[in-house]
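The file my_file_17.pdb contains PDB, C-alpha atoms:
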MODEL        1
ATOM      1  CA  MET A   1     -93.542 -75.065  51.368  1.00  0.00           C
ATOM      2  CA  LYS A   2     -94.789 -77.945  53.473  1.00  0.00           C
ATOM      3  CA  HIS A   3     -97.321 -80.283  51.915  1.00  0.00           C
ATOM      4  CA  CYS A   4    -100.549 -81.032  53.747  1.00  0.00           C
ATOM      5  CA  ILE A   5    -101.480 -84.684  53.892  1.00  0.00           C
ATOM      6  CA  VAL A   6    -105.065 -83.856  54.788  1.00  0.00           C
ATOM      7  CA  LYS A   7    -106.320 -81.434  52.133  1.00  0.00           C
ATOM      8  CA  SER A   8    -109.432 -80.240  53.894  1.00  0.00           C
ATOM      9  CA  GLY A   9    -111.141 -80.154  57.248  1.00  0.00           C
ATOM     10  CA  LEU A  10    -114.137 -81.850  55.610  1.00  0.00           C
ATOM     11  CA  LEU A  11    -112.110 -84.970  54.785  1.00  0.00           C
ATOM     12  CA  LEU A  12    -110.758 -85.065  58.335  1.00  0.00           C
ATOM     13  CA  ALA A  13    -114.240 -84.660  59.810  1.00  0.00           C
ATOM     14  CA  LEU A  14    -115.620 -87.425  57.577  1.00  0.00           C
ATOM     15  CA  LEU A  15    -112.776 -89.780  58.520  1.00  0.00           C
ATOM     16  CA  THR A  16    -113.247 -89.030  62.221  1.00  0.00           C
ATOM     17  CA  CYS A  17    -116.991 -89.644  61.935  1.00  0.00           C
ATOM     18  CA  LEU A  18    -116.520 -92.949  60.098  1.00  0.00           C
ATOM     19  CA  LEU A  19    -113.972 -94.196  62.620  1.00  0.00           C
ATOM     20  CA  SER A  20    -116.258 -93.210  65.477  1.00  0.00           C
ATOM     21  CA  VAL A  21    -119.200 -95.093  63.953  1.00  0.00           C
ATOM     22  CA  ALA A  22    -116.974 -98.138  63.380  1.00  0.00           C
ATOM     23  CA  GLY A  23    -116.201 -98.217  67.109  1.00  0.00           C
ATOM     24  CA  TYR A  24    -112.592 -96.999  66.834  1.00  0.00           C
ATOM     25  CA  PRO A  25    -111.242 -94.227  69.027  1.00  0.00           C
ATOM     26  CA  GLN A  26    -112.068 -90.770  67.682  1.00  0.00           C
ATOM     27  CA  ALA A  27    -108.428 -89.709  67.505  1.00  0.00           C
ATOM     28  CA  VAL A  28    -106.951 -89.373  64.017  1.00  0.00           C
ATOM     29  CA  ARG A  29    -103.342 -90.566  63.780  1.00  0.00           C
ATOM     30  CA  VAL A  30    -101.170 -87.832  62.278  1.00  0.00           C
ATOM     31  CA  SER A  31     -97.448 -87.158  62.040  1.00  0.00           C
ATOM     32  CA  ALA A  32     -96.044 -84.162  63.900  1.00  0.00           C
ATOM     33  CA  ASP A  33     -94.880 -82.813  60.524  1.00  0.00           C
ATOM     34  CA  SER A  34     -98.393 -82.912  59.025  1.00  0.00           C
ATOM     35  CA  LEU A  35     -99.948 -81.583  62.206  1.00  0.00           C
ATOM     36  CA  THR A  36     -97.707 -78.511  62.272  1.00  0.00           C
ATOM     37  CA  ALA A  37     -97.916 -77.939  58.500  1.00  0.00           C
ATOM     38  CA  CYS A  38    -101.723 -78.228  58.376  1.00  0.00           C
ATOM     39  CA  ILE A  39    -102.671 -76.954  61.834  1.00  0.00           C
ATOM     40  CA  SER A  40    -105.884 -75.277  60.653  1.00  0.00           C
ATOM     41  CA  SER A  41    -107.252 -78.675  59.521  1.00  0.00           C
ATOM     42  CA  TYR A  42    -106.847 -80.122  63.008  1.00  0.00           C
ATOM     43  CA  ILE A  43    -107.865 -77.363  65.451  1.00  0.00           C
ATOM     44  CA  GLY A  44    -110.436 -78.760  67.874  1.00  0.00           C
ATOM     45  CA  LYS A  45    -109.910 -82.338  66.627  1.00  0.00           C
ATOM     46  CA  LYS A  46    -108.748 -85.366  68.616  1.00  0.00           C
ATOM     47  CA  VAL A  47    -105.395 -86.638  67.331  1.00  0.00           C
ATOM     48  CA  GLU A  48    -102.735 -89.221  68.057  1.00  0.00           C
ATOM     49  CA  VAL A  49     -99.200 -87.960  67.434  1.00  0.00           C
ATOM     50  CA  GLU A  50     -95.683 -89.215  68.220  1.00  0.00           C
ATOM     51  CA  GLY A  51     -92.398 -87.516  68.916  1.00  0.00           C
ATOM     52  CA  VAL A  52     -89.366 -87.418  71.166  1.00  0.00           C
ATOM     53  CA  VAL A  53     -89.696 -85.344  74.325  1.00  0.00           C
ATOM     54  CA  ALA A  54     -87.218 -82.507  73.761  1.00  0.00           C
ATOM     55  CA  HIS A  55     -88.008 -80.463  76.874  1.00  0.00           C
ATOM     56  CA  MET A  56     -90.206 -80.630  79.956  1.00  0.00           C
ATOM     57  CA  CYS A  57     -91.368 -77.783  82.149  1.00  0.00           C
ATOM     58  CA  GLY A  58     -89.419 -77.889  85.393  1.00  0.00           C
ATOM     59  CA  VAL A  59     -91.919 -75.723  87.243  1.00  0.00           C
ATOM     60  CA  ASP A  60     -95.026 -77.875  87.369  1.00  0.00           C
ATOM     61  CA  GLY A  61     -94.455 -80.620  84.785  1.00  0.00           C
ATOM     62  CA  ARG A  62     -97.675 -79.726  82.952  1.00  0.00           C
ATOM     63  CA  LYS A  63     -95.981 -78.827  79.637  1.00  0.00           C
ATOM     64  CA  MET A  64     -93.521 -80.573  77.384  1.00  0.00           C
ATOM     65  CA  LYS A  65     -92.305 -80.219  73.818  1.00  0.00           C
ATOM     66  CA  ILE A  66     -92.085 -83.167  71.454  1.00  0.00           C
ATOM     67  CA  GLN A  67     -90.167 -83.168  68.165  1.00  0.00           C
ATOM     68  CA  SER A  68     -90.356 -85.222  65.009  1.00  0.00           C
ATOM     69  CA  ALA A  69     -87.246 -86.598  63.294  1.00  0.00           C
ATOM     70  CA  THR A  70     -87.346 -83.571  60.952  1.00  0.00           C
ATOM     71  CA  GLY A  71     -87.651 -81.049  63.794  1.00  0.00           C
ATOM     72  CA  ALA A  72     -91.399 -80.302  63.779  1.00  0.00           C
ATOM     73  CA  GLU A  73     -92.326 -79.200  67.312  1.00  0.00           C
ATOM     74  CA  VAL A  74     -95.570 -79.798  69.184  1.00  0.00           C
ATOM     75  CA  GLU A  75     -96.312 -78.355  72.613  1.00  0.00           C
ATOM     76  CA  VAL A  76     -98.102 -80.879  74.817  1.00  0.00           C
ATOM     77  CA  ILE A  77    -100.117 -79.704  77.825  1.00  0.00           C
ATOM     78  CA  ALA A  78    -101.496 -82.153  80.380  1.00  0.00           C
ATOM     79  CA  ASN A  79    -105.271 -81.966  80.774  1.00  0.00           C
ATOM     80  CA  GLU A  80    -106.772 -81.667  84.264  1.00  0.00           C
ATOM     81  CA  GLN A  81    -107.111 -85.443  84.706  1.00  0.00           C
ATOM     82  CA  LEU A  82    -103.440 -86.070  83.867  1.00  0.00           C
ATOM     83  CA  GLY A  83    -102.297 -83.296  86.177  1.00  0.00           C
ATOM     84  CA  SER A  84     -98.624 -83.347  85.210  1.00  0.00           C
ATOM     85  CA  PHE A  85     -96.151 -85.446  83.259  1.00  0.00           C
ATOM     86  CA  ASP A  86     -93.641 -87.806  84.818  1.00  0.00           C
ATOM     87  CA  PHE A  87     -90.115 -86.457  84.289  1.00  0.00           C
ATOM     88  CA  SER A  88     -88.981 -89.955  83.270  1.00  0.00           C
ATOM     89  CA  LEU A  89     -90.580 -89.175  79.863  1.00  0.00           C
ATOM     90  CA  ASN A  90     -87.794 -86.697  79.067  1.00  0.00           C
ATOM     91  CA  LYS A  91     -85.821 -87.698  75.927  1.00  0.00           C
ATOM     92  CA  LYS A  92     -88.148 -90.671  75.276  1.00  0.00           C
ATOM     93  CA  ARG A  93     -90.312 -91.300  72.205  1.00  0.00           C
ATOM     94  CA  VAL A  94     -93.939 -90.860  73.244  1.00  0.00           C
ATOM     95  CA  ARG A  95     -97.378 -91.209  71.719  1.00  0.00           C
ATOM     96  CA  VAL A  96     -99.847 -88.495  72.707  1.00  0.00           C
ATOM     97  CA  TRP A  97    -103.633 -88.504  72.398  1.00  0.00           C
ATOM     98  CA  GLY A  98    -105.450 -85.207  72.796  1.00  0.00           C
ATOM     99  CA  THR A  99    -107.177 -82.173  71.333  1.00  0.00           C
ATOM    100  CA  VAL A 100    -105.379 -79.750  69.005  1.00  0.00           C
ATOM    101  CA  LYS A 101    -105.146 -76.016  69.659  1.00  0.00           C
ATOM    102  CA  GLU A 102    -103.079 -73.259  68.081  1.00  0.00           C
ATOM    103  CA  ALA A 103    -101.411 -70.221  69.602  1.00  0.00           C
ATOM    104  CA  ARG A 104    -100.047 -67.426  67.441  1.00  0.00           C
ATOM    105  CA  ILE A 105     -97.116 -65.208  68.290  1.00  0.00           C
ATOM    106  CA  ASP A 106     -96.578 -62.061  66.261  1.00  0.00           C
ATOM    107  CA  GLY A 107     -94.241 -59.073  66.141  1.00  0.00           C
ATOM    108  CA  ALA A 108     -96.299 -57.112  68.676  1.00  0.00           C
ATOM    109  CA  PHE A 109     -95.811 -59.949  71.179  1.00  0.00           C
ATOM    110  CA  ALA A 110     -92.054 -59.957  70.479  1.00  0.00           C
ATOM    111  CA  ASP A 111     -92.028 -56.165  71.002  1.00  0.00           C
ATOM    112  CA  ARG A 112     -93.685 -56.557  74.436  1.00  0.00           C
ATOM    113  CA  MET A 113     -91.244 -59.311  75.428  1.00  0.00           C
ATOM    114  CA  GLU A 114     -88.319 -57.145  74.345  1.00  0.00           C
ATOM    115  CA  ARG A 115     -89.652 -54.152  76.273  1.00  0.00           C
ATOM    116  CA  ASP A 116     -90.096 -56.339  79.396  1.00  0.00           C
ATOM    117  CA  GLN A 117     -86.719 -58.055  78.852  1.00  0.00           C
ATOM    118  CA  ALA A 118     -88.553 -61.356  79.327  1.00  0.00           C
ATOM    119  CA  LEU A 119     -86.800 -64.684  79.481  1.00  0.00           C
ATOM    120  CA  LEU A 120     -88.791 -66.934  77.159  1.00  0.00           C
ATOM    121  CA  CYS A 121     -89.910 -70.506  77.748  1.00  0.00           C
ATOM    122  CA  SER A 122     -88.325 -72.913  75.275  1.00  0.00           C
ATOM    123  CA  ILE A 123     -91.616 -74.820  75.013  1.00  0.00           C
ATOM    124  CA  ASP A 124     -94.089 -72.088  74.033  1.00  0.00           C
ATOM    125  CA  SER A 125     -92.079 -68.834  73.814  1.00  0.00           C
ATOM    126  CA  ASN A 126     -94.106 -67.216  76.609  1.00  0.00           C
ATOM    127  CA  PRO A 127     -92.330 -65.663  79.599  1.00  0.00           C
ATOM    128  CA  CYS A 128     -90.663 -68.416  81.642  1.00  0.00           C
ATOM    129  CA  LYS A 129     -92.533 -69.286  84.858  1.00  0.00           C
ATOM    130  CA  ASP A 130     -89.477 -70.840  86.507  1.00  0.00           C
ATOM    131  CA  SER A 131     -88.867 -67.933  88.878  1.00  0.00           C
ATOM    132  CA  ALA A 132     -85.823 -69.601  90.462  1.00  0.00           C
ATOM    133  CA  TRP A 133     -84.136 -70.033  87.054  1.00  0.00           C
ATOM    134  CA  VAL A 134     -85.080 -66.487  85.987  1.00  0.00           C
ATOM    135  CA  GLU A 135     -83.680 -65.082  89.238  1.00  0.00           C
ATOM    136  CA  ARG A 136     -80.420 -67.044  88.766  1.00  0.00           C
ATOM    137  CA  GLN A 137     -80.041 -65.571  85.266  1.00  0.00           C
ATOM    138  CA  ARG A 138     -80.533 -62.069  86.671  1.00  0.00           C
ATOM    139  CA  ARG A 139     -78.059 -62.627  89.524  1.00  0.00           C
ATOM    140  CA  ASN A 140     -75.479 -64.098  87.109  1.00  0.00           C
ATOM    141  CA  GLY A 141     -75.842 -61.083  84.820  1.00  0.00           C
ATOM    142  CA  THR A 142     -76.878 -63.258  81.859  1.00  0.00           C
ATOM    143  CA  ALA A 143     -80.606 -62.408  81.789  1.00  0.00           C
ATOM    144  CA  THR A 144     -80.336 -59.460  79.386  1.00  0.00           C
ATOM    145  CA  ASP A 145     -78.216 -61.346  76.844  1.00  0.00           C
ATOM    146  CA  HIS A 146     -80.414 -64.434  77.140  1.00  0.00           C
ATOM    147  CA  SER A 147     -83.539 -62.324  76.600  1.00  0.00           C
ATOM    148  CA  ARG A 148     -82.071 -60.549  73.558  1.00  0.00           C
ATOM    149  CA  GLN A 149     -80.946 -63.806  71.956  1.00  0.00           C
ATOM    150  CA  SER A 150     -84.228 -65.645  72.493  1.00  0.00           C
ATOM    151  CA  ILE A 151     -86.303 -62.694  71.230  1.00  0.00           C
ATOM    152  CA  ALA A 152     -84.048 -62.314  68.168  1.00  0.00           C
ATOM    153  CA  LYS A 153     -84.522 -66.035  67.463  1.00  0.00           C
ATOM    154  CA  LEU A 154     -88.286 -65.609  67.914  1.00  0.00           C
ATOM    155  CA  ARG A 155     -88.320 -62.720  65.419  1.00  0.00           C
ATOM    156  CA  GLU A 156     -86.338 -64.859  62.931  1.00  0.00           C
ATOM    157  CA  ARG A 157     -88.866 -67.679  63.254  1.00  0.00           C
ATOM    158  CA  ILE A 158     -91.770 -65.250  62.742  1.00  0.00           C
ATOM    159  CA  ALA A 159     -90.095 -63.838  59.609  1.00  0.00           C
ATOM    160  CA  ALA A 160     -89.266 -67.311  58.275  1.00  0.00           C
ATOM    161  CA  SER A 161     -92.906 -68.379  58.615  1.00  0.00           C
ATOM    162  CA  GLY A 162     -93.869 -65.944  55.836  1.00  0.00           C
ATOM    163  CA  ARG A 163     -97.211 -65.349  57.577  1.00  0.00           C
ATOM    164  CA  GLY A 164     -96.326 -62.531  59.959  1.00  0.00           C
ATOM    165  CA  TYR A 165     -96.825 -64.802  62.967  1.00  0.00           C
ATOM    166  CA  LEU A 166     -95.445 -67.964  64.466  1.00  0.00           C
ATOM    167  CA  SER A 167     -97.932 -70.788  64.859  1.00  0.00           C
ATOM    168  CA  ILE A 168     -97.504 -72.858  68.022  1.00  0.00           C
ATOM    169  CA  THR A 169     -99.097 -76.305  67.638  1.00  0.00           C
ATOM    170  CA  ILE A 170    -100.552 -77.489  70.942  1.00  0.00           C
ATOM    171  CA  VAL A 171    -102.059 -80.819  71.934  1.00  0.00           C
ATOM    172  CA  VAL A 172    -103.984 -80.837  75.198  1.00  0.00           C
ATOM    173  CA  ALA A 173    -103.181 -84.403  76.232  1.00  0.00           C
ATOM    174  CA  ASP A 174    -105.731 -86.905  77.465  1.00  0.00           C
ATOM    175  CA  ARG A 175    -103.170 -89.710  77.446  1.00  0.00           C
ATOM    176  CA  VAL A 176     -99.416 -90.138  76.943  1.00  0.00           C
ATOM    177  CA  GLU A 177     -97.408 -93.332  76.732  1.00  0.00           C
ATOM    178  CA  VAL A 178     -93.847 -94.291  75.915  1.00  0.00           C
ATOM    179  CA  VAL A 179     -93.386 -95.915  72.510  1.00  0.00           C
ATOM    180  CA  GLU A 180     -91.273 -99.053  72.706  1.00  0.00           C
TER     181      GLU A 180
ENDMDL
END

Exercise: express the given structure as structure tokens:
Amino acid sequence: MKHCIVKSGLLLALLTCLLSVAGYPQAVRVSADSLTACISSYIGKKVEVEGVVAHMCGVDGRKMKIQSATGAEVEVIANEQLGSFDFSLNKKRVRVWGTVKEARIDGAFADRMERDQALLCSIDSNPCKDSAWVERQRRNGTATDHSRQSIAKLRERIAASGRGYLSITIVVADRVEVVE
């Protein structure tokens, strides 16, 4: 079982308050591993997190997935002011500042996706919005197999979580920069 660095939301809130009073930015620096392991301690909080951009949304560039060295994944969504991410960020180590949210995917969701034969987004496991890519998969005859495989993998991840749902860690980004 993953170990939480921050034991309680109270400690996090106190630290955030003290840093704010001291004139530091309100974002708490946290590793992607701790953020994903202790998501409930960070929901609604401003954080600073780093990772390598593993995938970017080709539709509108508003979503990307970053990964830690150990494989912890964080979905990053551009806020309204950012608009979209520059595709030059792909495969680069980035630092992200933003607000934490959580999405949960359960067996009922997987059942609906299976029934609809949905092709899932590799960033957030929702139906892919890249209609051109989805249409190519259907024309090539690979859509059904791709859907089955991705939904089976989703079900495995839900089962492995031991909670009956898969927690998707999301940071709504206020700022993103490449780490040198």

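Among the candidates A:Gln26, A:Lys92, A:Asn140, A:Ala69, the one nearest to Met56 of chain A when counting all atoms listed in the file is A:Lys92.
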
For segment 51-54 of chain A, what centre and edge lengths in Å (one decimal) does the axis-aligned box get once 4 Å is added on each side of all its listed atoms, as AutoDock Vina command-line options?
--center_x -89.8 --center_y -85.0 --center_z 71.6 --size_x 13.2 --size_y 13.0 --size_z 13.4

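Using all atoms listed in the file, the smallest distance between any of A:Thr144, A:Thr169, A:Ser88, A:Ser68 and Tyr42 of chain A comes from A:Thr169.
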
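Going from atom CA of Asp33 of chain A over to atom CA of Val59 of chain A, you cover 27.8 Å.
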
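Evaluating the PyMOL selection byres ((chain A and resi 86) around 12) against the shown model yields Val53, Met56, Cys57, Gly58, Asp60, Gly61, Arg62, Lys63, Met64, Ala78, Leu82, Gly83, Ser84, Phe85, Phe87, Ser88, Leu89, Asn90, Lys91, Lys92, Val94, Val176, Glu177 and Val178 of chain A.
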
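Minimum atom-to-atom distances from A:Ser122, A:Gln117, A:Ser131, A:Gln81 to Arg148 of chain A were compared using all atoms listed in the file, and the lowest value belongs to A:Gln117.
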
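Between Gly107 of chain A and the candidates A:Asp124, A:Glu135, A:Glu156, A:Asp130, the tightest atom-to-atom separation, counting all atoms listed in the file, involves A:Glu156.
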
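The space between atom CA of Ile43 of chain A and atom CA of Ile168 of chain A spans 11.6 Å.
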
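Only residues having an atom at most 10 Å from (-99.7, -85.1, 59.3) are included; using all atoms listed in the file, these are His3, Cys4, Ile5, Val6, Val28, Arg29, Val30, Ser31, Ala32, Asp33, Ser34, Leu35, Thr36, Ala37, Cys38, Ile39, Ser41, Tyr42, Val47 and Val49 of chain A.
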
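Interatomic distance, atom CA of Gln67 of chain A against atom CA of Gly51 of chain A: 4.9 Å.
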
- Item | All residues 10 Å or closer to Ala143 of chain A, only C-alpha atoms, same chain fewer than 3 positions away omitted, as a count of residues only | 15

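Of the residues listed (A:Asp174, A:Glu75, A:Asp106, A:Asp145), A:Asp106 shows the shortest atom-to-atom separation from Arg157 of chain A; distances use only C-alpha atoms.
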
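Closest approach to Arg163 of chain A among A:Val100, A:Ile105, A:Val74, A:Ala27: A:Ile105, based on all atoms listed in the file.
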
- Query: For the file shown, what are the residues hit by the PyMOL selection byres ((chain A and resi 109) around 12), laid out as number ranges by chain?
  - Reply: A: 103-108, 110-116, 118, 120, 125-127, 151, 154-155, 158, 164-166

- Could you name the residues that touch Ala173 of chain A at 6 Å or less, counting all atoms listed in the file, but leaving out those on the same chain fewer than 6 positions away, as a ChimeraX atom specification? /A:77-79,97-98

Could I get segment 141-165 of chain A rebuilt with N, CA, C and O atoms, written as an mmCIF file, in the frame of the given file?
data_model
loop_
_atom_site.group_PDB
_atom_site.id
_atom_site.type_symbol
_atom_site.label_atom_id
_atom_site.label_comp_id
_atom_site.auth_asym_id
_atom_site.auth_seq_id
_atom_site.Cartn_x
_atom_site.Cartn_y
_atom_site.Cartn_z
ATOM 1 N N GLY A 141 -76.065 -62.125 85.813
ATOM 2 C CA GLY A 141 -75.842 -61.083 84.820
ATOM 3 C C GLY A 141 -76.048 -61.558 83.387
ATOM 4 O O GLY A 141 -75.650 -60.875 82.445
ATOM 5 N N THR A 142 -76.678 -62.722 83.204
ATOM 6 C CA THR A 142 -76.878 -63.258 81.859
ATOM 7 C C THR A 142 -78.301 -63.059 81.338
ATOM 8 O O THR A 142 -78.585 -63.388 80.186
ATOM 9 N N ALA A 143 -79.193 -62.525 82.166
ATOM 10 C CA ALA A 143 -80.606 -62.408 81.789
ATOM 11 C C ALA A 143 -80.803 -61.531 80.555
ATOM 12 O O ALA A 143 -81.541 -61.899 79.639
ATOM 13 N N THR A 144 -80.144 -60.382 80.510
ATOM 14 C CA THR A 144 -80.336 -59.460 79.386
ATOM 15 C C THR A 144 -79.886 -60.084 78.075
ATOM 16 O O THR A 144 -80.611 -60.027 77.082
ATOM 17 N N ASP A 145 -78.704 -60.696 78.068
ATOM 18 C CA ASP A 145 -78.216 -61.346 76.844
ATOM 19 C C ASP A 145 -79.113 -62.511 76.443
ATOM 20 O O ASP A 145 -79.428 -62.680 75.261
ATOM 21 N N HIS A 146 -79.530 -63.301 77.424
ATOM 22 C CA HIS A 146 -80.414 -64.434 77.140
ATOM 23 C C HIS A 146 -81.733 -63.941 76.548
ATOM 24 O O HIS A 146 -82.229 -64.506 75.568
ATOM 25 N N SER A 147 -82.287 -62.884 77.101
ATOM 26 C CA SER A 147 -83.539 -62.324 76.600
ATOM 27 C C SER A 147 -83.368 -61.824 75.167
ATOM 28 O O SER A 147 -84.178 -62.141 74.295
ATOM 29 N N ARG A 148 -82.319 -61.075 74.911
ATOM 30 C CA ARG A 148 -82.071 -60.549 73.558
ATOM 31 C C ARG A 148 -81.944 -61.675 72.537
ATOM 32 O O ARG A 148 -82.512 -61.604 71.451
ATOM 33 N N GLN A 149 -81.164 -62.691 72.883
ATOM 34 C CA GLN A 149 -80.946 -63.806 71.956
ATOM 35 C C GLN A 149 -82.233 -64.570 71.668
ATOM 36 O O GLN A 149 -82.524 -64.893 70.512
ATOM 37 N N SER A 150 -83.003 -64.866 72.711
ATOM 38 C CA SER A 150 -84.228 -65.645 72.493
ATOM 39 C C SER A 150 -85.275 -64.836 71.734
ATOM 40 O O SER A 150 -85.996 -65.385 70.895
ATOM 41 N N ILE A 151 -85.343 -63.532 71.959
ATOM 42 C CA ILE A 151 -86.303 -62.694 71.230
ATOM 43 C C ILE A 151 -85.855 -62.520 69.779
ATOM 44 O O ILE A 151 -86.679 -62.538 68.860
ATOM 45 N N ALA A 152 -84.553 -62.390 69.548
ATOM 46 C CA ALA A 152 -84.048 -62.314 68.168
ATOM 47 C C ALA A 152 -84.379 -63.602 67.411
ATOM 48 O O ALA A 152 -84.812 -63.560 66.249
ATOM 49 N N LYS A 153 -84.199 -64.744 68.076
ATOM 50 C CA LYS A 153 -84.522 -66.035 67.463
ATOM 51 C C LYS A 153 -86.026 -66.121 67.186
ATOM 52 O O LYS A 153 -86.442 -66.623 66.137
ATOM 53 N N LEU A 154 -86.837 -65.624 68.103
ATOM 54 C CA LEU A 154 -88.286 -65.609 67.914
ATOM 55 C C LEU A 154 -88.656 -64.760 66.698
ATOM 56 O O LEU A 154 -89.452 -65.177 65.859
ATOM 57 N N ARG A 155 -88.049 -63.590 66.573
ATOM 58 C CA ARG A 155 -88.320 -62.720 65.419
ATOM 59 C C ARG A 155 -87.906 -63.404 64.101
ATOM 60 O O ARG A 155 -88.606 -63.291 63.095
ATOM 61 N N GLU A 156 -86.778 -64.118 64.123
ATOM 62 C CA GLU A 156 -86.338 -64.859 62.931
ATOM 63 C C GLU A 156 -87.357 -65.920 62.535
ATOM 64 O O GLU A 156 -87.658 -66.088 61.354
ATOM 65 N N ARG A 157 -87.874 -66.629 63.524
ATOM 66 C CA ARG A 157 -88.866 -67.679 63.254
ATOM 67 C C ARG A 157 -90.163 -67.081 62.711
ATOM 68 O O ARG A 157 -90.789 -67.664 61.823
ATOM 69 N N ILE A 158 -90.566 -65.925 63.240
ATOM 70 C CA ILE A 158 -91.770 -65.250 62.742
ATOM 71 C C ILE A 158 -91.559 -64.844 61.286
ATOM 72 O O ILE A 158 -92.407 -65.083 60.424
ATOM 73 N N ALA A 159 -90.401 -64.261 60.986
ATOM 74 C CA ALA A 159 -90.095 -63.838 59.609
ATOM 75 C C ALA A 159 -90.032 -65.038 58.664
ATOM 76 O O ALA A 159 -90.567 -64.990 57.550
ATOM 77 N N ALA A 160 -89.412 -66.117 59.117
ATOM 78 C CA ALA A 160 -89.266 -67.311 58.275
ATOM 79 C C ALA A 160 -90.610 -67.977 57.979
ATOM 80 O O ALA A 160 -90.749 -68.663 56.969
ATOM 81 N N SER A 161 -91.593 -67.755 58.831
ATOM 82 C CA SER A 161 -92.906 -68.379 58.615
ATOM 83 C C SER A 161 -93.587 -67.822 57.368
ATOM 84 O O SER A 161 -94.420 -68.506 56.775
ATOM 85 N N GLY A 162 -93.253 -66.573 56.999
ATOM 86 C CA GLY A 162 -93.869 -65.944 55.836
ATOM 87 C C GLY A 162 -95.320 -65.541 56.054
ATOM 88 O O GLY A 162 -95.998 -65.126 55.122
ATOM 89 N N ARG A 163 -95.814 -65.670 57.279
ATOM 90 C CA ARG A 163 -97.211 -65.349 57.577
ATOM 91 C C ARG A 163 -97.363 -64.134 58.481
ATOM 92 O O ARG A 163 -98.484 -63.709 58.745
ATOM 93 N N GLY A 164 -96.248 -63.656 59.031
ATOM 94 C CA GLY A 164 -96.326 -62.531 59.959
ATOM 95 C C GLY A 164 -96.591 -62.967 61.390
ATOM 96 O O GLY A 164 -96.724 -62.145 62.282
ATOM 97 N N TYR A 165 -96.657 -64.258 61.621
ATOM 98 C CA TYR A 165 -96.825 -64.802 62.967
ATOM 99 C C TYR A 165 -96.216 -66.199 63.020
ATOM 100 O O TYR A 165 -96.005 -66.842 61.995
#
